[in-house]
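Dumped structure_24.cif below, it's mmCIF, C-alpha atoms and all ligand atoms:
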```
data_my_file
loop_
_atom_site.label_atom_id
_atom_site.label_comp_id
_atom_site.auth_asym_id
_atom_site.auth_seq_id
_atom_site.Cartn_x
_atom_site.Cartn_y
_atom_site.Cartn_z
CA MET A 163 2.44 13.52 -14.59
CA SER A 164 5.42 13.72 -12.34
CA LEU A 165 7.38 11.53 -10.00
CA LEU A 166 6.89 12.19 -6.31
CA GLN A 167 9.43 11.81 -3.56
CA ILE A 168 8.82 8.73 -1.39
CA VAL A 169 9.22 9.58 2.28
CA LYS A 170 11.15 7.14 4.43
CA TYR A 171 10.91 5.83 7.98
CA PRO A 172 11.03 7.50 10.53
CA ASN A 173 9.35 10.53 8.89
CA PRO A 174 6.43 11.46 11.23
CA VAL A 175 3.87 11.65 8.38
CA LEU A 176 4.10 7.84 8.22
CA LYS A 177 2.87 7.56 11.83
CA LYS A 178 -0.22 9.76 11.40
CA ARG A 179 -3.74 8.51 10.73
CA ALA A 180 -4.62 9.86 7.28
CA VAL A 181 -7.90 11.72 6.82
CA GLU A 182 -10.92 10.64 4.78
CA ILE A 183 -11.64 12.23 1.41
CA GLU A 184 -15.04 13.86 0.95
CA LYS A 185 -14.81 14.08 -2.80
CA VAL A 186 -12.04 13.16 -5.22
CA SER A 187 -11.20 16.60 -6.63
CA SER A 188 -9.25 17.17 -9.85
CA GLU A 189 -6.18 17.85 -7.68
CA LEU A 190 -6.58 14.47 -6.03
CA VAL A 191 -6.98 12.80 -9.44
CA LEU A 192 -3.59 14.28 -10.35
CA LEU A 193 -2.16 13.03 -7.06
CA MET A 194 -3.50 9.52 -7.77
CA ASP A 195 -1.89 9.55 -11.23
CA ASP A 196 1.42 10.83 -9.90
CA MET A 197 1.30 8.18 -7.18
CA ALA A 198 0.78 5.47 -9.80
CA GLU A 199 3.72 6.73 -11.84
CA THR A 200 5.87 6.89 -8.69
CA MET A 201 4.85 3.34 -7.71
CA TYR A 202 5.74 1.96 -11.17
CA ALA A 203 9.06 3.81 -11.20
CA ALA A 204 10.06 2.60 -7.70
CA PRO A 205 9.09 -0.20 -8.60
CA GLY A 206 6.51 -1.33 -6.08
CA VAL A 207 3.10 -3.00 -6.09
CA GLY A 208 1.41 -0.36 -3.95
CA LEU A 209 1.76 3.15 -2.59
CA ALA A 210 -0.26 5.07 0.01
CA ALA A 211 -0.55 8.87 0.04
CA PRO A 212 1.31 9.29 3.39
CA GLN A 213 4.30 7.72 1.63
CA VAL A 214 4.47 10.79 -0.58
CA GLY A 215 3.90 13.12 2.37
CA VAL A 216 0.12 13.55 1.92
CA SER A 217 -1.93 12.51 4.94
CA LYS A 218 -5.08 11.55 3.01
CA ARG A 219 -6.80 8.16 2.67
CA ILE A 220 -5.71 7.37 -0.87
CA CYS A 221 -3.71 4.47 -2.24
CA VAL A 222 -2.71 2.93 -5.55
CA ILE A 223 -2.01 -0.76 -6.13
CA ASP A 224 -0.94 -2.86 -9.09
CA VAL A 225 0.17 -6.34 -8.12
CA THR A 226 0.84 -7.30 -11.74
CA VAL A 227 4.20 -5.50 -11.27
CA ALA A 228 5.31 -8.50 -9.18
CA ASP A 229 4.05 -10.98 -11.78
CA LYS A 230 6.70 -11.43 -14.43
CA THR A 231 4.48 -13.49 -16.72
CA GLU A 232 4.97 -12.17 -20.20
CA GLY A 233 2.01 -10.41 -21.74
CA LYS A 234 0.30 -10.02 -18.37
CA LYS A 235 -1.94 -6.96 -18.51
CA SER A 236 -1.53 -4.34 -15.80
CA ASN A 237 -4.36 -3.83 -13.34
CA LEU A 238 -4.05 -0.45 -11.69
CA ILE A 239 -6.31 0.28 -8.73
CA GLN A 240 -6.59 3.88 -7.55
CA ILE A 241 -8.85 4.18 -4.53
CA ALA A 242 -9.83 6.70 -1.87
CA ASN A 243 -11.16 5.78 1.60
CA PRO A 244 -10.53 2.02 1.22
CA VAL A 245 -12.32 -0.04 3.88
CA ILE A 246 -12.20 -3.80 4.38
CA VAL A 247 -15.81 -4.96 4.55
CA GLU A 248 -15.26 -8.73 4.52
CA SER A 249 -12.22 -10.91 5.09
CA GLU A 250 -11.34 -14.55 5.65
CA GLY A 251 -8.51 -17.07 5.65
CA GLU A 252 -4.86 -16.54 6.40
CA ILE A 253 -1.82 -16.09 4.24
CA GLU A 254 1.87 -15.58 4.99
CA TRP A 255 3.92 -13.22 2.89
CA GLU A 256 7.46 -11.87 2.89
CA GLU A 257 6.71 -8.14 2.78
CA GLY A 258 8.83 -5.11 2.15
CA CYS A 259 7.95 -1.42 2.08
CA LEU A 260 9.15 1.43 -0.11
CA SER A 261 9.31 3.64 2.98
CA VAL A 262 11.42 1.16 4.94
CA PRO A 263 14.14 0.28 2.44
CA GLU A 264 16.06 -2.96 2.77
CA PHE A 265 13.73 -4.34 5.43
CA THR A 266 11.49 -7.36 4.94
CA ILE A 267 9.41 -9.38 7.36
CA LYS A 268 7.17 -12.42 7.11
CA THR A 269 3.62 -11.33 7.93
CA LYS A 270 0.34 -13.13 8.49
CA ARG A 271 -2.48 -11.46 6.62
CA LYS A 272 -6.05 -12.24 5.61
CA ALA A 273 -6.03 -14.33 2.44
CA HIS A 274 -9.27 -13.05 0.92
CA MET A 275 -11.14 -9.83 1.31
CA VAL A 276 -13.62 -7.39 -0.10
CA VAL A 277 -12.60 -3.74 -0.09
CA GLU A 278 -14.91 -0.80 -0.72
CA GLY A 279 -13.97 2.80 -1.44
CA LEU A 280 -14.22 5.65 -3.89
CA SER A 281 -12.90 5.65 -7.45
CA LYS A 282 -11.15 8.50 -9.24
CA ASP A 283 -14.52 9.60 -10.63
CA ASN A 284 -16.26 9.43 -7.24
CA LYS A 285 -18.05 6.16 -7.90
CA LYS A 286 -18.31 3.44 -5.30
CA LEU A 287 -15.68 0.75 -5.82
CA ARG A 288 -16.05 -2.82 -4.58
CA ILE A 289 -13.03 -5.03 -5.13
CA GLU A 290 -12.52 -8.70 -4.28
CA ALA A 291 -8.90 -9.41 -3.43
CA ASP A 292 -6.96 -12.65 -2.99
CA GLY A 293 -3.30 -13.47 -2.40
CA LEU A 294 -0.87 -10.64 -3.04
CA LEU A 295 -3.67 -8.18 -3.82
CA SER A 296 -5.23 -8.92 -0.43
CA VAL A 297 -1.82 -8.50 1.27
CA ALA A 298 -1.24 -5.23 -0.58
CA PHE A 299 -4.60 -3.76 0.48
CA GLN A 300 -3.89 -4.60 4.12
CA HIS A 301 -0.40 -3.11 3.84
CA GLU A 302 -1.70 0.14 2.29
CA ILE A 303 -4.61 0.49 4.74
CA ASP A 304 -2.05 0.04 7.54
CA HIS A 305 -0.17 3.01 6.05
CA LEU A 306 -3.39 5.07 6.13
CA ASP A 307 -3.74 4.18 9.82
CA GLY A 308 -0.14 5.21 10.53
CA LYS A 309 1.11 1.64 10.92
CA LEU A 310 4.37 0.49 9.42
CA LEU A 311 5.79 -2.92 8.66
CA ILE A 312 8.65 -2.21 11.02
CA ASP A 313 6.16 -1.89 13.91
CA ARG A 314 5.47 -5.60 13.45
CA ALA A 315 9.09 -6.51 14.10
CA SER A 316 10.59 -7.29 17.49
CA SER A 317 12.67 -4.48 18.93
CA ILE A 318 15.83 -6.50 18.28
CA LYS A 319 14.86 -7.05 14.68
CA ARG A 320 13.94 -3.41 14.33
CA GLU A 321 17.38 -2.48 15.62
CA MET A 322 19.09 -4.87 13.30
CA TYR A 323 16.93 -3.55 10.48
CA LEU A 324 17.67 -6.59 8.39
CA LYS A 325 19.74 -6.00 5.32
CA THR A 326 17.84 -8.39 3.11
CA LYS A 327 15.84 -7.37 0.09
CA LYS A 328 13.88 -10.39 -1.01
CA GLY A 329 10.25 -9.38 -0.45
CA VAL A 330 8.03 -7.37 -2.73
CA MET A 331 8.07 -3.61 -2.19
CA ILE A 332 4.53 -2.48 -1.35
ZN ZN B 1 4.66 0.29 2.60
#
```
How does the structure come out when it is put into structure tokens?
Ligand code: ZN
Amino acid sequence: MSLLQIVKYPNPVLKKRAVEIEKVSSELVLLMDDMAETMYAAPGVGLAAPQVGVSKRICVIDVTVADKTEGKKSNLIQIANPVIVESEGEIEWEEGCLSVPEFTIKTKRKAHMVVEGLSKDNKKLRIEADGLLSVAFQHEIDHLDGKLLIDRASSIKREMYLKTKKGVMI
């Protein structure tokens, strides 16, 4: 496995809609593993393929990175073509992004959701997500649609590009 370079705003790959995967090939399995390693090293709780310059609908998430409880087991999700099939409730979160360093913004997201997609071994995945995991899925799917956290900010805030670093890096 190897660490990948995380591309930063305003790299144009971050603004493109990523393409669906037909089948998770062995190359894409390697990509998913390298993405996980890159996410852990950052550290962040999620990473989408466009963030490593690959415009494909793949993301990795492990929200246990943000949970400092001792002995907490990791829970790595590696998924292709994630789609939100159900969602409800609302949650506010102070979000950051590995591709937009030193920028955080309070977002309103769905609190609960069900996501479906394809696993590393081409099986159908169905994941129920709450709290930070739900926020992380929405953040990563935004990346796959070419949407960035900074697009949610007012133009003034975008200009100021706040120099705070208190949110989680997704
Ligand atoms: Zn991000």
(message) Could you list the protein, DNA and RNA residues that have any atom within 9 Å of ligand ZN 1 (chain B), counting all atoms listed in the file, and write them as a list in words?
(response)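 Using all atoms listed in the file, everything at most 9 Å from ligand ZN 1 (chain B) comes to Gly208, Leu209, Ala210, Gln213, Glu257, Gly258, Cys259, Leu260, Ser261, Val262, Ala298, His301, Glu302, Asp304, His305, Leu310, Leu311, Met331 and Ile332 of chain A.
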(request) Excluding A:Ala291 and any residue of its chain fewer than 3 positions from it, enumerate the residues within 8 Å of it, using only C-alpha atoms, and give them as a list in words. (result) His274, Met275, Val276, Val277, Leu295 and Ser296 of chain A
(request) Might you pull out every residue within 9 Å of A:Leu294, with all atoms listed in the file counted and same-chain residues fewer than 5 positions away left off, and present them as a list in words? (result)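 The residues satisfying every condition are Val225, Ala228, Trp255, Ala273 and Phe299 of chain A.
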Could you save those same residues with C-alpha atoms as a compact mmCIF listing (two decimals), in the frame of the given file?
```
# COMPACT_ATOMS: atom_id res chain seq x y z
CA VAL A 225 0.17 -6.34 -8.12
CA ALA A 228 5.31 -8.50 -9.18
CA TRP A 255 3.92 -13.22 2.89
CA ALA A 273 -6.03 -14.33 2.44
CA PHE A 299 -4.60 -3.76 0.48
```
(message) Considering only C-alpha atoms, can you say which of A:Gln240, A:Gln300, A:Ser281, A:Ser317 comes closest to A:Thr269?
(response) A:Gln300
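Using all atoms listed in the file, the shortest contact distance between A:Glu182 and any of A:Glu248, A:Glu254, A:Asp313, A:Asp307 is found at A:Asp307.
Closest approach to A:Pro205 from the set A:Ser187, A:Asn173, A:Ser217, A:Thr226 is made by A:Thr226, with distances taken over only C-alpha atoms.
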(message) Which residue is closest to A:Leu193? Choose from A:Lys272, A:Arg179, A:Val247, A:Arg219 and count all atoms listed in the file.
(response)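 Of A:Lys272, A:Arg179, A:Val247, A:Arg219, the one nearest A:Leu193 is A:Arg219, counting all atoms listed in the file.
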(message) Show me the residues close to (-18.1, 0.7, -4.1) - anything with an atom within 12 Å, counting only C-alpha atoms - and format the list as an MDAnalysis selection string.
(response) chainID A and resid 241:247 276:290
(message) Rounded to one decimal, what separation in Å do you get between atom CA of A:Lys185 and atom CA of A:Ile303?
(response)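 Interatomic distance here is 18.6 Å.
Between atom CA of A:Thr200 and atom CA of A:Asp229 the interatomic distance comes to 18.2 Å.
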(message) As an exercise, work out the distance from atom CA of A:Lys218 to atom CA of A:Glu199 in Å and give it to one decimal place.
(response) 17.9 Å
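Checking A:Ala315, A:Val222, A:Val181, A:Met163 one by one against A:Lys268, counting all atoms listed in the file, you find the shortest gap at A:Ala315.
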